[in-house]
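The file upload-v8.txt comes next; it holds compact mmCIF, C-alpha atoms.
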# COMPACT_ATOMS: atom_id res chain seq x y z
CA MET A 249 93.95 67.09 89.01
CA ALA A 250 96.81 67.79 86.59
CA LEU A 251 98.08 71.32 86.15
CA THR A 252 97.45 72.85 82.74
CA VAL A 253 100.18 74.65 80.79
CA LEU A 254 99.49 76.64 77.63
CA VAL A 255 102.47 76.78 75.24
CA VAL A 256 102.32 79.62 72.69
CA GLU A 257 105.12 79.12 70.15
CA ASP A 258 104.93 79.45 66.35
CA GLU A 259 107.80 77.03 65.61
CA LEU A 260 106.26 73.55 65.49
CA LYS A 261 109.45 71.67 66.47
CA ILE A 262 109.98 73.81 69.55
CA ARG A 263 106.30 73.61 70.44
CA GLU A 264 106.23 69.83 70.29
CA LEU A 265 109.56 69.49 72.10
CA LEU A 266 108.24 71.59 74.98
CA ARG A 267 105.02 69.59 75.01
CA SER A 268 106.99 66.37 75.36
CA TYR A 269 109.08 67.65 78.26
CA LEU A 270 106.14 69.24 80.07
CA GLU A 271 103.96 66.15 79.74
CA ARG A 272 106.73 64.12 81.38
CA GLU A 273 106.09 66.26 84.45
CA GLY A 274 102.52 64.99 84.49
CA TRP A 275 101.06 68.29 83.30
CA SER A 276 98.25 68.73 80.80
CA VAL A 277 99.59 70.73 77.84
CA LEU A 278 97.73 72.91 75.35
CA THR A 279 99.63 74.35 72.37
CA THR A 280 99.12 76.97 69.70
CA GLY A 281 101.25 78.96 67.27
CA SER A 282 98.80 81.86 67.15
CA GLY A 283 98.64 84.83 69.49
CA ALA A 284 94.95 85.36 68.79
CA GLU A 285 94.15 81.73 69.56
CA ALA A 286 96.28 81.93 72.70
CA ILE A 287 94.09 84.72 74.08
CA THR A 288 90.99 82.63 73.38
CA LEU A 289 92.47 79.46 74.90
CA ALA A 290 93.62 81.31 78.00
CA GLY A 291 90.09 82.55 78.52
CA THR A 292 88.39 79.19 78.05
CA ALA A 293 90.93 76.76 79.53
CA ASP A 294 92.11 78.93 82.46
CA PRO A 295 95.66 77.45 82.42
CA ASP A 296 97.88 77.40 85.50
CA LEU A 297 100.83 78.73 83.46
CA VAL A 298 101.36 80.28 80.01
CA ILE A 299 104.68 79.79 78.22
CA LEU A 300 104.68 82.61 75.68
CA ASP A 301 106.96 83.25 72.70
CA LEU A 302 107.31 86.96 71.95
CA GLY A 303 107.91 86.44 68.21
CA LEU A 304 104.47 85.37 67.01
CA PRO A 305 103.34 85.83 63.39
CA ASP A 306 99.87 87.31 63.95
CA VAL A 307 99.56 89.04 67.31
CA SER A 308 102.77 90.04 69.09
CA GLY A 309 103.71 88.28 72.30
CA GLU A 310 103.71 91.65 74.06
CA THR A 311 100.08 92.19 73.02
CA VAL A 312 99.13 88.69 74.19
CA ALA A 313 100.83 89.28 77.56
CA ALA A 314 99.09 92.61 78.03
CA GLU A 315 95.72 91.06 77.17
CA LEU A 316 96.25 88.19 79.61
CA ARG A 317 97.32 90.57 82.34
CA SER A 318 94.23 92.73 81.84
CA THR A 319 91.95 89.83 82.76
CA SER A 320 93.92 87.49 85.06
CA ALA A 321 97.03 86.90 87.16
CA THR A 322 97.94 83.66 85.35
CA PRO A 323 101.75 83.21 85.55
CA ILE A 324 103.63 83.91 82.31
CA LEU A 325 107.01 82.49 81.30
CA MET A 326 108.29 84.36 78.25
CA LEU A 327 110.44 82.88 75.49
CA THR A 328 112.44 85.44 73.56
CA ALA A 329 115.29 85.68 71.06
CA ARG A 330 115.95 89.22 72.29
CA ALA A 331 118.87 89.14 74.69
CA GLY A 332 119.03 92.88 75.44
CA GLU A 333 118.33 94.05 78.97
CA ALA A 334 115.78 96.63 77.77
CA ASP A 335 113.76 93.88 76.06
CA ARG A 336 113.82 91.70 79.17
CA ILE A 337 112.77 94.58 81.40
CA ARG A 338 109.94 95.40 78.98
CA GLY A 339 108.69 91.83 79.25
CA LEU A 340 108.74 91.99 83.04
CA GLU A 341 106.89 95.30 82.98
CA LEU A 342 104.19 93.62 80.93
CA GLY A 343 103.69 91.15 83.75
CA ALA A 344 105.95 88.21 82.91
CA ASP A 345 107.08 86.20 85.92
CA ASP A 346 110.23 84.89 84.27
CA TYR A 347 111.86 84.63 80.85
CA VAL A 348 114.13 82.31 78.91
CA THR A 349 116.33 83.51 76.07
CA LYS A 350 116.58 81.44 72.86
CA PRO A 351 118.28 79.13 72.16
CA PHE A 352 117.37 77.34 75.35
CA SER A 353 117.37 73.90 76.91
CA PRO A 354 113.86 72.39 77.27
CA ARG A 355 114.95 71.21 80.70
CA GLU A 356 115.66 74.79 81.72
CA VAL A 357 112.15 75.77 80.65
CA VAL A 358 110.70 72.96 82.77
CA LEU A 359 112.76 74.04 85.80
CA ARG A 360 111.68 77.66 85.41
CA ALA A 361 108.04 76.54 84.99
CA ARG A 362 108.24 74.41 88.13
CA ALA A 363 109.70 77.33 90.10
CA ILE A 364 106.90 79.67 88.98
CA LEU A 365 104.20 77.14 89.81
CA ARG A 366 105.78 76.48 93.21
CA ARG A 367 105.77 80.21 93.99
CA SER A 368 102.19 80.65 92.80
CA GLY A 369 100.98 77.85 95.05
CA GLY A 370 102.82 78.76 98.22
CA ALA A 371 104.68 82.03 98.13
CA LEU A 372 103.32 83.18 101.46
CA ALA A 373 104.24 80.83 104.24
CA GLU A 374 102.02 82.14 106.99
CA ARG A 375 98.24 82.36 107.09
CA GLY A 376 95.96 85.24 108.00
CA ARG A 377 98.49 88.04 108.44
CA SER A 378 97.13 91.52 109.08
CA PHE A 379 99.03 94.80 108.76
CA GLY A 380 98.42 98.50 109.23
CA GLY A 381 95.42 98.27 111.53
CA GLY A 382 93.70 95.78 109.25
CA GLU A 383 94.27 97.77 106.05
CA VAL A 384 96.36 94.94 104.51
CA LEU A 385 95.18 91.34 104.94
CA ILE A 386 97.09 88.33 103.59
CA ASP A 387 95.41 84.91 103.54
CA GLU A 388 97.91 82.28 102.34
CA ASP A 389 95.51 79.34 102.33
CA ARG A 390 93.13 81.10 100.00
CA HIS A 391 95.95 82.94 98.21
CA GLU A 392 94.10 86.21 98.74
CA LEU A 393 95.27 89.76 99.39
CA THR A 394 92.86 92.44 100.59
CA VAL A 395 93.96 96.07 100.76
CA ARG A 396 91.61 98.60 102.37
CA GLY A 397 88.66 96.30 101.82
CA ARG A 398 89.46 95.58 98.16
CA GLU A 399 90.58 92.13 96.98
CA ILE A 400 93.72 92.31 94.81
CA GLU A 401 95.01 89.75 92.29
CA LEU A 402 98.80 89.42 92.15
CA THR A 403 101.15 87.50 89.89
CA PRO A 404 103.35 84.85 91.56
CA THR A 405 106.37 87.16 91.44
CA GLU A 406 104.43 90.02 93.00
CA TRP A 407 103.27 87.61 95.72
CA GLY A 408 106.87 86.57 96.29
CA ILE A 409 108.06 90.15 96.73
CA LEU A 410 105.21 90.96 99.10
CA ALA A 411 105.85 87.75 101.05
CA ALA A 412 109.52 88.61 101.52
CA LEU A 413 108.74 92.14 102.68
CA ALA A 414 105.95 90.91 104.98
CA THR A 415 108.29 88.49 106.75
CA ARG A 416 109.70 91.45 108.71
CA PRO A 417 107.73 94.68 108.20
CA GLY A 418 109.97 97.73 108.41
CA ARG A 419 113.11 95.77 107.57
CA VAL A 420 114.84 96.99 104.41
CA TYR A 421 115.44 94.34 101.73
CA SER A 422 117.93 95.06 98.97
CA ARG A 423 117.02 94.32 95.37
CA LEU A 424 119.51 91.45 95.35
CA GLU A 425 117.93 89.95 98.46
CA LEU A 426 114.49 90.14 96.89
CA LEU A 427 115.78 88.56 93.69
CA ASN A 428 117.23 85.66 95.62
CA ARG A 429 114.15 85.25 97.81
CA VAL A 430 111.68 85.29 94.92
CA ARG A 431 113.66 83.54 92.20
CA GLY A 432 115.74 81.23 94.31
CA TYR A 433 118.88 82.02 92.33
CA GLU A 434 120.47 84.92 90.52
CA PHE A 435 119.75 85.18 86.82
CA ALA A 436 118.49 88.67 86.06
CA SER A 437 119.32 92.31 86.52
CA GLU A 438 118.25 93.84 89.82
CA ARG A 439 116.22 96.28 87.71
CA ALA A 440 113.73 93.43 87.27
CA VAL A 441 112.74 93.90 90.92
CA ASP A 442 111.95 97.56 90.25
CA SER A 443 109.63 96.58 87.41
CA HIS A 444 107.68 94.13 89.56
CA VAL A 445 107.50 96.56 92.48
CA LYS A 446 106.15 99.18 90.10
CA ASN A 447 103.40 96.78 88.98
CA LEU A 448 102.67 95.80 92.58
CA ARG A 449 102.28 99.42 93.62
CA ARG A 450 99.83 100.09 90.81
CA LYS A 451 97.59 97.45 92.32
CA ILE A 452 97.84 98.16 96.06
CA GLU A 453 98.79 101.79 96.70
CA ARG A 454 96.41 104.73 97.05
CA ASP A 455 98.97 106.80 95.15
CA PRO A 456 101.66 104.69 93.41
CA ALA A 457 103.86 107.79 93.10
CA ASN A 458 103.80 108.21 96.89
CA PRO A 459 103.56 104.65 98.23
CA ASP A 460 102.80 103.95 101.87
CA ILE A 461 102.76 100.13 101.73
CA VAL A 462 105.83 99.18 99.69
CA GLU A 463 108.25 101.97 100.45
CA THR A 464 111.56 102.80 98.77
CA VAL A 465 114.62 103.38 100.96
CA LEU A 466 117.02 105.35 98.78
CA GLY A 467 120.27 103.55 98.12
CA ALA A 468 119.14 100.49 100.08
CA GLY A 469 116.03 98.80 98.66
CA TYR A 470 112.41 98.32 99.74
CA ARG A 471 110.45 97.73 102.95
CA LEU A 472 106.88 97.07 104.00
CA GLY A 473 105.77 100.41 105.43
CA VAL A 474 102.86 99.05 107.47
CA ALA A 475 103.40 97.30 110.79
CA ARG A 476 102.05 93.86 111.47
CA ASP A 477 98.98 93.79 113.76
CA ASP A 478 99.31 91.82 116.98

Can you give me the file's structure in the form of C-alpha cells?
Amino acid sequence: MALTVLVVEDELKIRELLRSYLEREGWSVLTTGSGAEAITLAGTADPDLVILDLGLPDVSGETVAAELRSTSATPILMLTARAGEADRIRGLELGADDYVTKPFSPREVVLRARAILRRSGGALAERGRSFGGGEVLIDEDRHELTVRGREIELTPTEWGILAALATRPGRVYSRLELLNRVRGYEFASERAVDSHVKNLRRKIERDPANPDIVETVLGAGYRLGVARDD
C-alpha cells in the first residue's frame, strides 16, 4: 500500500511541483492551499507525512501544526521563508520533525521526507526493551512506548532521540551526537535537540521540570536515567 503525503502549500506552482516529485517516489499525494482544509484532510485521510507551509492565507501554519499535534503524531516537514534561528526553533517546538527554508530544491524536500518516513518506520532497532523495573517499555515492531502503564505517542524525531539514548542507558550523549544519530547529517542548531527533548519530557516524565527518564548532564548532554532490565 502506497504511503500518503499531504502537501499544504498556497502557491499552486510549488504545490504541483512537489506533487510531481513525490509521486515519482510512488507515494499517494494529497494537496491543499488552505490551512483549514489541511486540518480536515489530516483527520480524514490519516496521512503518513504532512509537508506544511507556514505562510498560509487563512489559518497560519503554526496553528495547523499545533492542531495536528494535539490529535496525532503524524510527522511534519515544515516549509518556511523565515530563515531566522528563532523561527526554526519555534517550528520544532510546535512538533515539526524537520524543516526546509525557501527557496528550496524539490529534490531536497523528497530526501528530507524519505528520511523522516524511514525514521518513523524503524527508529528503534531492537524489540521489546524494558527499563527501570518495567516502568518504560519499548516495542519496536508495534512502534509503541509505554511509560508507567500508559501508552505514549511520539513523533519520529522524539522516537529517534529516545532510541539513541536507549542504546546505552546511563551513557551521556551530546546534542551534536543526538543530531547526527537522529537526522543522519548536520543541518540545524544543536538547540533543536533541546526543543525535541522538552516535548519528549512533557509526554513521558512525571514532572518535566525534574525528569527522571531523560536526564540532563550539565555541560555534556542527555542520558537515559533508567537502567535496562535484564

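Going from atom CA of A:Glu399 over to atom CA of A:Gly382, you cover 13.2 Å.
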
What are the closest atom pairs, with distances in Å to one decimal, for all residues of stretch 255-347 of chain A lying within 12 Å of stretch 450-455 of chain A? Consider only C-alpha atoms, order rows by chain and residue number, and present the result as a Markdown table.
| residue | atom | partner | partner_atom | distance |
| --- | --- | --- | --- | --- |
| A:Ser318 | CA | A:Lys451 | CA | 12.0 |
| A:Ala321 | CA | A:Lys451 | CA | 11.8 |
| A:Glu341 | CA | A:Arg450 | CA | 11.6 |

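What separates atom CA of A:Ile461 from atom CA of A:Ala414 is a distance of 10.3 Å.
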
For this session: Please return, as a ChimeraX atom specification, all polymer residues that have at least one atom within 12 Å of the point (102.1, 91.1, 72.4); use all atoms listed in the file and the file's own coordinate frame.
Result: /A:256,282-284,286-287,300-317,326,328,338-339,342-344

Problem set entry | Who sits within 12 Å of A:Arg416, all atoms listed in the file, same chain under 3 positions skipped, as an NGL selection string | :A and (377 or 379 or 410-413 or 419-421 or 470-476)

Problem set entry | Gap from atom CA of A:Ile364 to atom CA of A:Pro404 - Å, one decimal |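 Atom CA of A:Ile364 sits 6.8 Å away from atom CA of A:Pro404.
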
Exercise. Which is closest to A:Leu466 among A:Arg423, A:Gly408, A:Ser268, A:Ser443, if we use all atoms listed in the file?
Worked result: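 Comparing A:Arg423, A:Gly408, A:Ser268, A:Ser443 against A:Leu466, the winner is A:Arg423.
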
May I have the protein, DNA and RNA residues with any atom at most 12 Å from the point (107.2, 80.2, 77.3), counting all atoms listed in the file, written as a CSV table (one decimal) with C-alpha atoms, in the coordinates of the input?
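Wrote it out as result.csv, contents follow:
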chain,number,residue,atom,x,y,z
A,253,VAL,CA,100.2,74.6,80.8
A,254,LEU,CA,99.5,76.6,77.6
A,255,VAL,CA,102.5,76.8,75.2
A,256,VAL,CA,102.3,79.6,72.7
A,257,GLU,CA,105.1,79.1,70.2
A,258,ASP,CA,104.9,79.4,66.4
A,262,ILE,CA,110.0,73.8,69.6
A,263,ARG,CA,106.3,73.6,70.4
A,266,LEU,CA,108.2,71.6,75.0
A,267,ARG,CA,105.0,69.6,75.0
A,270,LEU,CA,106.1,69.2,80.1
A,279,THR,CA,99.6,74.4,72.4
A,280,THR,CA,99.1,77.0,69.7
A,281,GLY,CA,101.2,79.0,67.3
A,286,ALA,CA,96.3,81.9,72.7
A,297,LEU,CA,100.8,78.7,83.5
A,298,VAL,CA,101.4,80.3,80.0
A,299,ILE,CA,104.7,79.8,78.2
A,300,LEU,CA,104.7,82.6,75.7
A,301,ASP,CA,107.0,83.2,72.7
A,302,LEU,CA,107.3,87.0,72.0
A,303,GLY,CA,107.9,86.4,68.2
A,304,LEU,CA,104.5,85.4,67.0
A,309,GLY,CA,103.7,88.3,72.3
A,313,ALA,CA,100.8,89.3,77.6
A,323,PRO,CA,101.8,83.2,85.6
A,324,ILE,CA,103.6,83.9,82.3
A,325,LEU,CA,107.0,82.5,81.3
A,326,MET,CA,108.3,84.4,78.2
A,327,LEU,CA,110.4,82.9,75.5
A,328,THR,CA,112.4,85.4,73.6
A,329,ALA,CA,115.3,85.7,71.1
A,339,GLY,CA,108.7,91.8,79.2
A,344,ALA,CA,106.0,88.2,82.9
A,345,ASP,CA,107.1,86.2,85.9
A,346,ASP,CA,110.2,84.9,84.3
A,347,TYR,CA,111.9,84.6,80.8
A,348,VAL,CA,114.1,82.3,78.9
A,349,THR,CA,116.3,83.5,76.1
A,350,LYS,CA,116.6,81.4,72.9
A,352,PHE,CA,117.4,77.3,75.4
A,353,SER,CA,117.4,73.9,76.9
A,354,PRO,CA,113.9,72.4,77.3
A,356,GLU,CA,115.7,74.8,81.7
A,357,VAL,CA,112.2,75.8,80.6
A,358,VAL,CA,110.7,73.0,82.8
A,359,LEU,CA,112.8,74.0,85.8
A,360,ARG,CA,111.7,77.7,85.4
A,361,ALA,CA,108.0,76.5,85.0
A,364,ILE,CA,106.9,79.7,89.0

Can you report as AutoDock Vina command-line options the centre and edge lengths in Å, to one decimal, of an axis-aligned box around the listed atoms of stretch 412-424 of chain A padded with 3 Å on each side?
--center_x 112.7 --center_y 93.1 --center_z 102.0 --size_x 19.6 --size_y 15.2 --size_z 19.4
